[in-house]
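J.: File input04.tsv follows (TSV, C-alpha atoms and all ligand atoms):
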chain	number	residue	atom	x	y	z
A	147	MET	CA	0.00	0.00	0.00
A	148	SER	CA	1.30	3.45	-0.82
A	149	PHE	CA	2.11	5.96	1.92
A	150	ASN	CA	0.25	9.26	1.52
A	151	ILE	CA	0.95	12.60	3.16
A	152	ALA	CA	-1.80	15.23	2.76
A	153	ILE	CA	-1.00	18.91	3.24
A	154	ASP	CA	-3.86	21.41	3.13
A	155	GLY	CA	-4.07	25.08	3.91
A	156	PRO	CA	-4.78	28.53	2.49
A	157	ALA	CA	-2.86	30.31	-0.29
A	158	GLY	CA	0.65	31.35	0.67
A	159	ALA	CA	0.97	29.16	3.78
A	160	GLY	CA	4.12	27.60	2.34
A	161	LYS	CA	2.52	24.31	1.36
A	162	SER	CA	4.40	23.76	-1.89
A	163	THR	CA	7.84	24.74	-0.54
A	164	ILE	CA	7.41	22.46	2.46
A	165	ALA	CA	5.79	19.60	0.55
A	166	LYS	CA	8.58	19.61	-2.05
A	167	LYS	CA	11.27	19.38	0.61
A	168	ILE	CA	9.51	16.57	2.43
A	169	ALA	CA	9.00	14.65	-0.81
A	170	ALA	CA	12.68	15.04	-1.71
A	171	LYS	CA	13.79	13.88	1.73
A	172	LEU	CA	11.57	10.78	1.62
A	173	SER	CA	11.97	10.14	-2.14
A	174	TYR	CA	8.21	10.43	-2.55
A	175	ILE	CA	6.43	12.12	-5.44
A	176	TYR	CA	5.24	15.68	-4.85
A	177	VAL	CA	1.79	16.41	-6.26
A	178	ASP	CA	0.75	20.07	-6.47
A	179	THR	CA	-3.02	19.88	-6.97
A	180	GLY	CA	-3.39	23.67	-7.13
A	181	ALA	CA	-1.37	23.55	-10.36
A	182	MET	CA	-3.99	21.26	-11.87
A	183	TYR	CA	-6.79	23.71	-10.95
A	184	ARG	CA	-4.66	26.50	-12.38
A	185	ALA	CA	-4.17	24.63	-15.67
A	186	MET	CA	-7.93	24.22	-15.92
A	187	ALA	CA	-8.37	27.94	-15.19
A	188	LEU	CA	-5.87	28.80	-17.93
A	189	TYR	CA	-7.91	26.71	-20.32
A	190	PHE	CA	-11.04	28.73	-19.45
A	191	LEU	CA	-9.18	32.05	-19.76
A	192	ARG	CA	-7.86	31.07	-23.18
A	193	LEU	CA	-11.40	30.26	-24.25
A	194	GLY	CA	-12.32	33.79	-23.22
A	195	LEU	CA	-14.78	32.60	-20.59
A	196	ASP	CA	-15.86	34.99	-17.89
A	197	ALA	CA	-15.07	34.10	-14.25
A	198	GLY	CA	-18.78	34.23	-13.44
A	199	ASP	CA	-19.80	31.93	-16.28
A	200	ARG	CA	-20.16	28.70	-14.29
A	201	GLU	CA	-22.35	27.01	-16.89
A	202	GLY	CA	-19.88	27.80	-19.66
A	203	MET	CA	-17.01	26.41	-17.59
A	204	ALA	CA	-18.94	23.27	-16.62
A	205	ALA	CA	-19.71	22.63	-20.29
A	206	ALA	CA	-16.17	23.39	-21.46
A	207	CYS	CA	-14.16	21.39	-18.94
A	208	GLY	CA	-14.66	18.13	-20.84
A	209	GLY	CA	-12.36	19.55	-23.54
A	210	ALA	CA	-9.42	19.97	-21.18
A	211	ASP	CA	-7.22	16.95	-20.76
A	212	ILE	CA	-5.01	17.60	-17.75
A	213	SER	CA	-2.13	15.34	-16.83
A	214	ILE	CA	1.14	15.61	-14.99
A	215	ARG	CA	4.63	14.49	-15.84
A	216	TYR	CA	7.84	14.58	-13.83
A	217	VAL	CA	10.97	16.03	-15.37
A	218	ASN	CA	14.05	15.80	-13.11
A	219	GLY	CA	11.72	15.41	-10.15
A	220	GLU	CA	9.78	18.60	-11.00
A	221	GLN	CA	6.06	18.43	-11.71
A	222	ASN	CA	5.03	19.64	-15.14
A	223	VAL	CA	1.33	20.15	-15.84
A	224	LEU	CA	0.13	19.32	-19.30
A	225	LEU	CA	-3.01	20.85	-20.77
A	226	ASN	CA	-4.04	18.92	-23.87
A	227	GLU	CA	-0.42	17.72	-24.15
A	228	GLU	CA	1.06	21.25	-23.91
A	229	ASN	CA	3.34	21.91	-20.94
A	230	VAL	CA	1.62	24.95	-19.39
A	231	THR	CA	3.75	25.02	-16.20
A	232	PRO	CA	5.32	28.42	-17.05
A	233	TYR	CA	1.93	30.09	-17.57
A	234	ILE	CA	-0.06	29.15	-14.48
A	235	ARG	CA	1.59	31.16	-11.70
A	236	SER	CA	0.17	34.61	-12.47
A	237	GLU	CA	-2.32	36.32	-10.15
A	238	GLU	CA	-4.83	36.32	-13.03
A	239	VAL	CA	-4.73	32.53	-13.34
A	240	GLY	CA	-4.80	32.12	-9.53
A	241	LYS	CA	-7.90	34.27	-9.29
A	242	MET	CA	-9.62	32.38	-12.09
A	243	ALA	CA	-8.67	29.05	-10.44
A	244	SER	CA	-10.35	30.17	-7.25
A	245	GLN	CA	-13.52	30.98	-9.24
A	246	SER	CA	-13.52	27.84	-11.37
A	247	SER	CA	-12.39	25.24	-8.80
A	248	PRO	CA	-15.81	25.08	-7.03
A	249	ILE	CA	-17.47	23.77	-10.20
A	250	PRO	CA	-18.46	20.11	-9.57
A	251	GLN	CA	-17.41	18.88	-13.02
A	252	VAL	CA	-13.95	20.43	-12.58
A	253	ARG	CA	-13.50	18.91	-9.11
A	254	GLU	CA	-14.69	15.44	-10.12
A	255	LYS	CA	-12.26	15.30	-12.98
A	256	LEU	CA	-9.20	16.47	-11.05
A	257	THR	CA	-10.02	14.59	-7.85
A	258	GLN	CA	-10.10	11.28	-9.72
A	259	LEU	CA	-6.71	11.98	-11.28
A	260	GLN	CA	-5.28	12.76	-7.82
A	261	LYS	CA	-6.74	9.64	-6.19
A	262	ASP	CA	-5.34	7.41	-8.96
A	263	LEU	CA	-1.87	8.86	-8.55
A	264	ALA	CA	-1.85	8.46	-4.76
A	265	ALA	CA	-3.05	4.85	-5.01
A	266	ARG	CA	-0.07	3.99	-7.22
A	267	GLU	CA	2.71	6.03	-5.59
A	268	ASP	CA	3.98	7.28	-2.24
A	269	VAL	CA	3.02	10.95	-2.42
A	270	VAL	CA	3.15	14.26	-0.63
A	271	MET	CA	0.06	15.98	-2.02
A	272	ASP	CA	-0.89	19.55	-1.27
A	273	GLY	CA	-4.14	21.43	-1.86
A	274	ARG	CA	-7.32	22.46	-0.06
A	275	ASP	CA	-9.34	19.24	0.23
A	276	ILE	CA	-6.69	16.52	0.25
A	277	GLY	CA	-7.11	15.37	3.85
A	278	THR	CA	-10.89	15.81	3.81
A	279	CYS	CA	-11.96	14.57	0.33
A	280	VAL	CA	-9.19	13.36	-1.97
A	281	LEU	CA	-7.20	11.16	0.44
A	282	PRO	CA	-9.31	10.75	3.58
A	283	GLY	CA	-7.22	7.68	4.43
A	284	ALA	CA	-3.84	9.46	4.19
A	285	GLN	CA	-1.46	8.20	6.89
A	286	VAL	CA	-0.30	11.75	7.74
A	287	LYS	CA	-2.44	14.89	7.43
A	288	ILE	CA	-1.20	18.41	8.02
A	289	TYR	CA	-3.17	21.67	8.05
A	290	LEU	CA	-0.61	24.38	7.34
A	291	THR	CA	-1.48	28.02	7.83
A	292	ALA	CA	-0.09	31.48	8.66
A	293	SER	CA	-1.57	34.93	9.23
A	294	THR	CA	-3.01	36.74	6.19
A	295	HIS	CA	-0.35	39.45	6.42
A	296	THR	CA	2.52	36.94	6.61
A	297	ARG	CA	1.15	35.07	3.61
A	298	ALA	CA	0.72	38.27	1.58
A	299	LEU	CA	4.30	39.28	2.36
A	300	ARG	CA	5.60	35.89	1.27
A	301	ARG	CA	3.68	36.08	-2.03
A	302	PHE	CA	4.88	39.67	-2.58
A	303	ARG	CA	8.54	38.62	-2.18
A	304	GLU	CA	8.04	35.57	-4.38
A	305	LEU	CA	6.63	37.75	-7.18
A	306	GLU	CA	9.34	40.36	-6.64
A	307	GLU	CA	12.02	37.69	-7.12
A	308	LYS	CA	10.42	36.87	-10.46
A	309	GLY	CA	10.60	40.55	-11.40
A	310	LEU	CA	6.84	41.05	-11.05
A	311	LYS	CA	5.74	44.15	-9.19
A	312	GLU	CA	2.35	44.00	-7.49
A	313	SER	CA	1.10	46.04	-4.56
A	314	LEU	CA	1.23	44.36	-1.16
A	315	GLU	CA	-2.20	45.75	-0.23
A	316	GLU	CA	-3.75	44.28	-3.36
A	317	ILE	CA	-2.12	40.90	-2.76
A	318	GLU	CA	-3.38	40.89	0.83
A	319	ALA	CA	-6.91	41.78	-0.29
A	320	ASP	CA	-6.78	39.07	-2.99
A	321	ILE	CA	-5.60	36.50	-0.45
A	322	ALA	CA	-8.44	37.40	1.91
A	323	ASP	CA	-10.96	37.11	-0.97
A	324	ARG	CA	-9.52	33.79	-2.08
A	325	ASP	CA	-9.54	32.40	1.48
A	326	TYR	CA	-13.17	33.38	1.81
A	327	ARG	CA	-14.14	31.69	-1.47
A	328	ASP	CA	-12.05	28.56	-0.76
A	329	MET	CA	-13.51	28.21	2.75
A	330	HIS	CA	-17.15	28.99	1.96
A	331	ARG	CA	-17.85	27.11	-1.24
A	332	ASP	CA	-20.42	24.30	-1.10
A	333	ILE	CA	-18.22	21.52	-2.44
A	334	SER	CA	-14.98	20.49	-0.73
A	335	PRO	CA	-14.39	23.77	1.10
A	336	LEU	CA	-10.99	24.38	2.66
A	337	ARG	CA	-11.13	23.17	6.24
A	338	GLN	CA	-8.97	21.24	8.63
A	339	ALA	CA	-9.65	17.49	8.62
A	340	GLU	CA	-10.52	16.28	12.12
A	341	ASP	CA	-7.44	14.09	12.23
A	342	ALA	CA	-5.07	16.69	10.71
A	343	TRP	CA	-2.24	18.29	12.64
A	344	TYR	CA	-2.63	22.12	12.78
A	345	LEU	CA	0.60	24.01	12.16
A	346	ASP	CA	0.74	27.82	12.17
A	347	THR	CA	3.97	28.77	10.41
A	348	SER	CA	3.78	32.59	10.89
A	349	ASP	CA	6.78	32.48	13.20
A	350	MET	CA	8.48	29.35	11.96
A	351	GLY	CA	11.32	28.96	9.48
A	352	ILE	CA	11.00	26.51	6.58
A	353	ASP	CA	13.54	24.04	7.96
A	354	GLU	CA	11.81	24.05	11.32
A	355	VAL	CA	8.47	23.18	9.72
A	356	VAL	CA	10.03	20.47	7.54
A	357	ALA	CA	11.76	18.89	10.55
A	358	ALA	CA	8.54	18.92	12.58
A	359	ILE	CA	6.58	17.19	9.81
A	360	LEU	CA	9.33	14.62	9.10
A	361	ASN	CA	9.36	13.81	12.78
A	362	ARG	CA	5.61	13.24	12.65
A	363	VAL	CA	5.96	10.98	9.59
A	364	GLU	CA	8.66	8.95	11.34
A	365	GLN	CA	6.40	8.42	14.35
A	366	VAL	CA	3.56	7.17	12.15
A	367	ARG	CA	5.81	4.88	10.13
A	368	GLU	CA	7.20	3.28	13.29
A	369	ARG	CA	3.75	2.32	14.54
A	401	LIG	O1	-2.71	26.54	-4.13
A	401	LIG	P1	-2.98	27.39	-5.39
A	401	LIG	O2	-2.98	28.87	-5.14
A	401	LIG	O3	-2.10	26.99	-6.52
A	401	LIG	O4	-4.49	26.98	-5.80
A	401	LIG	C1	-5.18	27.64	-6.83
A	401	LIG	C2	-6.69	27.56	-6.58
A	401	LIG	O5	-7.14	26.21	-6.76
A	401	LIG	C3	-7.13	27.98	-5.18
A	401	LIG	O6	-7.93	29.13	-5.19
A	401	LIG	C4	-7.98	26.85	-4.65
A	401	LIG	C5	-8.03	25.84	-5.74
A	401	LIG	N1	-7.68	24.50	-5.25
A	401	LIG	C6	-8.72	23.69	-4.86
A	401	LIG	O7	-9.87	24.07	-4.91
A	401	LIG	N2	-8.46	22.43	-4.45
A	401	LIG	C7	-7.20	21.96	-4.39
A	401	LIG	N3	-6.97	20.70	-3.98
A	401	LIG	C8	-6.12	22.81	-4.75
A	401	LIG	C9	-6.40	24.09	-5.17
Written as structure tokens, how would this file's structure read?
T.:
Amino acid sequence: MSFNIAIDGPAGAGKSTIAKKIAAKLSYIYVDTGAMYRAMALYFLRLGLDAGDREGMAAACGGADISIRYVNGEQNVLLNEENVTPYIRSEEVGKMASQSSPIPQVREKLTQLQKDLAAREDVVMDGRDIGTCVLPGAQVKIYLTASTHTRALRRFRELEEKGLKESLEEIEADIADRDYRDMHRDISPLRQAEDAWYLDTSDMGIDEVVAAILNRVEQVRER
């Protein structure tokens, strides 16, 4: 049976950085499910669909074939065979992903892909509904969070490093909006699974968080 680690939490909590390091340390596969929702959002944007057009998106999502491939241990997301990894990190795509991810047809499609992967491989999977819906049987579940301001600052610096200039206030407002949508949607809202370990990383360094989670994994594996 494969060993599954589920990491959920709001945007900018550090999920992907932490999950990648844990996966590398354990030689597990890292699965970034947000990237899959972003690839779907890019598909809708390219079709010229409006963020409020839920019916249009539900009808169109059948035309998007999303898959993932690993190149030198890095996840690449393919949209109808095109590697769209370089195009999915913008704020525009993130915003659209937050609007399109509640659509049932979108979730069903991507959830199945995620479940299949985790059944075959040892994975560290991050997202919003991994511990609650996608992998309810995961051996280790973590709910990773940090204050809204800390998360906005982290995103701001990340974008700055990529040469993108956005205002901190706007990023913070966007994060608050996105949190609200992710936590209040009807299907698979972001929430802590009952058996997940709550970790607030506002005042923790990356290595400290990674060590704490690895310690947890070790304890579970020794049982
Ligand atoms: O983690 P991220 O910013 O890349 O996620 C983009 C959007 O996708 C986010 O608004 C929530 C959504 N998402 C989701 O609904 N379920 C997941 N498992 C992962 C992401």
J.: Need the shell around A:Gly158: protein/DNA/RNA residues with any atom at most 7 Å away, counting all atoms listed in the file. Skip same-chain ones fewer than 3 positions apart. Format as a PDB file with C-alpha atoms, in the coordinates of the input?
T.:
ATOM      1  CA  ARG A 297       1.150  35.070   3.610  1.00  0.00           C
ATOM      2  CA  ALA A 298       0.720  38.270   1.580  1.00  0.00           C
ATOM      3  CA  ARG A 300       5.600  35.890   1.270  1.00  0.00           C
ATOM      4  CA  ARG A 301       3.680  36.080  -2.030  1.00  0.00           C
TER       5      ARG A 301
END
J.: Around ligand LIG 401 (chain A), which protein and nucleic acid residues have at least one atom no more than 7 Å from it, if we count only C-alpha atoms and all ligand atoms? List them as a list in words.
T.: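 So, counting only C-alpha atoms and all ligand atoms, the residues near ligand LIG 401 (chain A) are Ala157, Thr179, Gly180, Ala181, Tyr183, Arg184, Gly240, Lys241, Ala243, Ser244, Ser247, Pro248, Asp272, Gly273, Arg274, Asp275, Ile276, Arg324 and Asp328 of chain A.
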J.: Given all atoms listed in the file as the basis, pick out the residue of A:Tyr176, A:Phe190, A:Tyr233, A:Tyr289 nearest to A:Asp341.
T.: A:Tyr289
J.: Contacts of A:Trp343 at 9 Å or less, counting only C-alpha atoms, minus same-chain residues fewer than 2 places along, as a list in words?
T.: Val286, Lys287, Ile288, Tyr289, Leu290, Gln338, Ala339, Glu340, Asp341 and Leu345 of chain A
J.: Find the spatial neighbours of A:Glu364, counting all atoms listed in the file, within a cut-off of 12 Å - ignore same-chain residues fewer than 2 positions away - and output them as an NGL selection string.
T.: :A and (149 or 151 or 168 or 171-172 or 285-286 or 357-362 or 366-369)
J.: At the level of N, CA, C and O atoms, write stretch 265-282 of chain A to a file as a PDB file, in the first residue's frame, please.
T.:
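New file out_25.pdb:
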ATOM      1  N   ALA A 265      -2.878   6.295  -5.227  1.00  0.00           N
ATOM      2  CA  ALA A 265      -3.054   4.855  -5.011  1.00  0.00           C
ATOM      3  C   ALA A 265      -1.837   4.098  -5.542  1.00  0.00           C
ATOM      4  O   ALA A 265      -1.459   3.060  -5.023  1.00  0.00           O
ATOM      5  N   ARG A 266      -1.210   4.660  -6.577  1.00  0.00           N
ATOM      6  CA  ARG A 266      -0.070   3.990  -7.217  1.00  0.00           C
ATOM      7  C   ARG A 266       1.255   4.302  -6.548  1.00  0.00           C
ATOM      8  O   ARG A 266       2.162   3.491  -6.531  1.00  0.00           O
ATOM      9  N   GLU A 267       1.399   5.547  -6.033  1.00  0.00           N
ATOM     10  CA  GLU A 267       2.713   6.029  -5.587  1.00  0.00           C
ATOM     11  C   GLU A 267       2.666   6.550  -4.158  1.00  0.00           C
ATOM     12  O   GLU A 267       1.635   6.991  -3.681  1.00  0.00           O
ATOM     13  N   ASP A 268       3.849   6.571  -3.510  1.00  0.00           N
ATOM     14  CA  ASP A 268       3.978   7.279  -2.236  1.00  0.00           C
ATOM     15  C   ASP A 268       4.005   8.762  -2.592  1.00  0.00           C
ATOM     16  O   ASP A 268       4.840   9.182  -3.397  1.00  0.00           O
ATOM     17  N   VAL A 269       3.097   9.533  -2.024  1.00  0.00           N
ATOM     18  CA  VAL A 269       3.021  10.946  -2.420  1.00  0.00           C
ATOM     19  C   VAL A 269       2.964  11.897  -1.225  1.00  0.00           C
ATOM     20  O   VAL A 269       2.495  11.546  -0.148  1.00  0.00           O
ATOM     21  N   VAL A 270       3.448  13.108  -1.480  1.00  0.00           N
ATOM     22  CA  VAL A 270       3.150  14.256  -0.626  1.00  0.00           C
ATOM     23  C   VAL A 270       2.272  15.120  -1.516  1.00  0.00           C
ATOM     24  O   VAL A 270       2.720  15.596  -2.560  1.00  0.00           O
ATOM     25  N   MET A 271       0.993  15.257  -1.149  1.00  0.00           N
ATOM     26  CA  MET A 271       0.060  15.976  -2.021  1.00  0.00           C
ATOM     27  C   MET A 271      -0.435  17.212  -1.295  1.00  0.00           C
ATOM     28  O   MET A 271      -0.854  17.113  -0.142  1.00  0.00           O
ATOM     29  N   ASP A 272      -0.377  18.366  -1.951  1.00  0.00           N
ATOM     30  CA  ASP A 272      -0.895  19.554  -1.271  1.00  0.00           C
ATOM     31  C   ASP A 272      -2.068  20.159  -2.026  1.00  0.00           C
ATOM     32  O   ASP A 272      -2.233  19.955  -3.226  1.00  0.00           O
ATOM     33  N   GLY A 273      -2.940  20.841  -1.262  1.00  0.00           N
ATOM     34  CA  GLY A 273      -4.140  21.430  -1.859  1.00  0.00           C
ATOM     35  C   GLY A 273      -5.031  22.036  -0.801  1.00  0.00           C
ATOM     36  O   GLY A 273      -4.551  22.649   0.167  1.00  0.00           O
ATOM     37  N   ARG A 274      -6.350  21.898  -0.992  1.00  0.00           N
ATOM     38  CA  ARG A 274      -7.316  22.459  -0.056  1.00  0.00           C
ATOM     39  C   ARG A 274      -8.190  21.375   0.571  1.00  0.00           C
ATOM     40  O   ARG A 274      -8.721  21.543   1.660  1.00  0.00           O
ATOM     41  N   ASP A 275      -8.368  20.271  -0.177  1.00  0.00           N
ATOM     42  CA  ASP A 275      -9.337  19.242   0.230  1.00  0.00           C
ATOM     43  C   ASP A 275      -8.685  17.872   0.241  1.00  0.00           C
ATOM     44  O   ASP A 275      -9.367  16.867   0.096  1.00  0.00           O
ATOM     45  N   ILE A 276      -7.373  17.817   0.377  1.00  0.00           N
ATOM     46  CA  ILE A 276      -6.688  16.520   0.251  1.00  0.00           C
ATOM     47  C   ILE A 276      -7.015  15.627   1.455  1.00  0.00           C
ATOM     48  O   ILE A 276      -7.439  14.491   1.295  1.00  0.00           O
ATOM     49  N   GLY A 277      -6.838  16.169   2.655  1.00  0.00           N
ATOM     50  CA  GLY A 277      -7.110  15.371   3.852  1.00  0.00           C
ATOM     51  C   GLY A 277      -8.591  15.082   4.055  1.00  0.00           C
ATOM     52  O   GLY A 277      -8.964  14.071   4.644  1.00  0.00           O
ATOM     53  N   THR A 278      -9.449  15.967   3.566  1.00  0.00           N
ATOM     54  CA  THR A 278     -10.888  15.807   3.807  1.00  0.00           C
ATOM     55  C   THR A 278     -11.578  14.985   2.711  1.00  0.00           C
ATOM     56  O   THR A 278     -12.454  14.181   3.006  1.00  0.00           O
ATOM     57  N   CYS A 279     -11.207  15.196   1.435  1.00  0.00           N
ATOM     58  CA  CYS A 279     -11.959  14.568   0.334  1.00  0.00           C
ATOM     59  C   CYS A 279     -11.132  13.652  -0.568  1.00  0.00           C
ATOM     60  O   CYS A 279     -11.577  12.582  -0.939  1.00  0.00           O
ATOM     61  N   VAL A 280      -9.944  14.126  -0.960  1.00  0.00           N
ATOM     62  CA  VAL A 280      -9.194  13.364  -1.968  1.00  0.00           C
ATOM     63  C   VAL A 280      -8.565  12.116  -1.341  1.00  0.00           C
ATOM     64  O   VAL A 280      -8.722  11.009  -1.855  1.00  0.00           O
ATOM     65  N   LEU A 281      -7.871  12.289  -0.215  1.00  0.00           N
ATOM     66  CA  LEU A 281      -7.199  11.161   0.436  1.00  0.00           C
ATOM     67  C   LEU A 281      -7.604  11.088   1.910  1.00  0.00           C
ATOM     68  O   LEU A 281      -6.775  11.305   2.801  1.00  0.00           O
ATOM     69  N   PRO A 282      -8.881  10.787   2.170  1.00  0.00           N
ATOM     70  CA  PRO A 282      -9.311  10.754   3.576  1.00  0.00           C
ATOM     71  C   PRO A 282      -8.553   9.699   4.386  1.00  0.00           C
ATOM     72  O   PRO A 282      -8.483   9.789   5.604  1.00  0.00           O
TER      73      PRO A 282
END
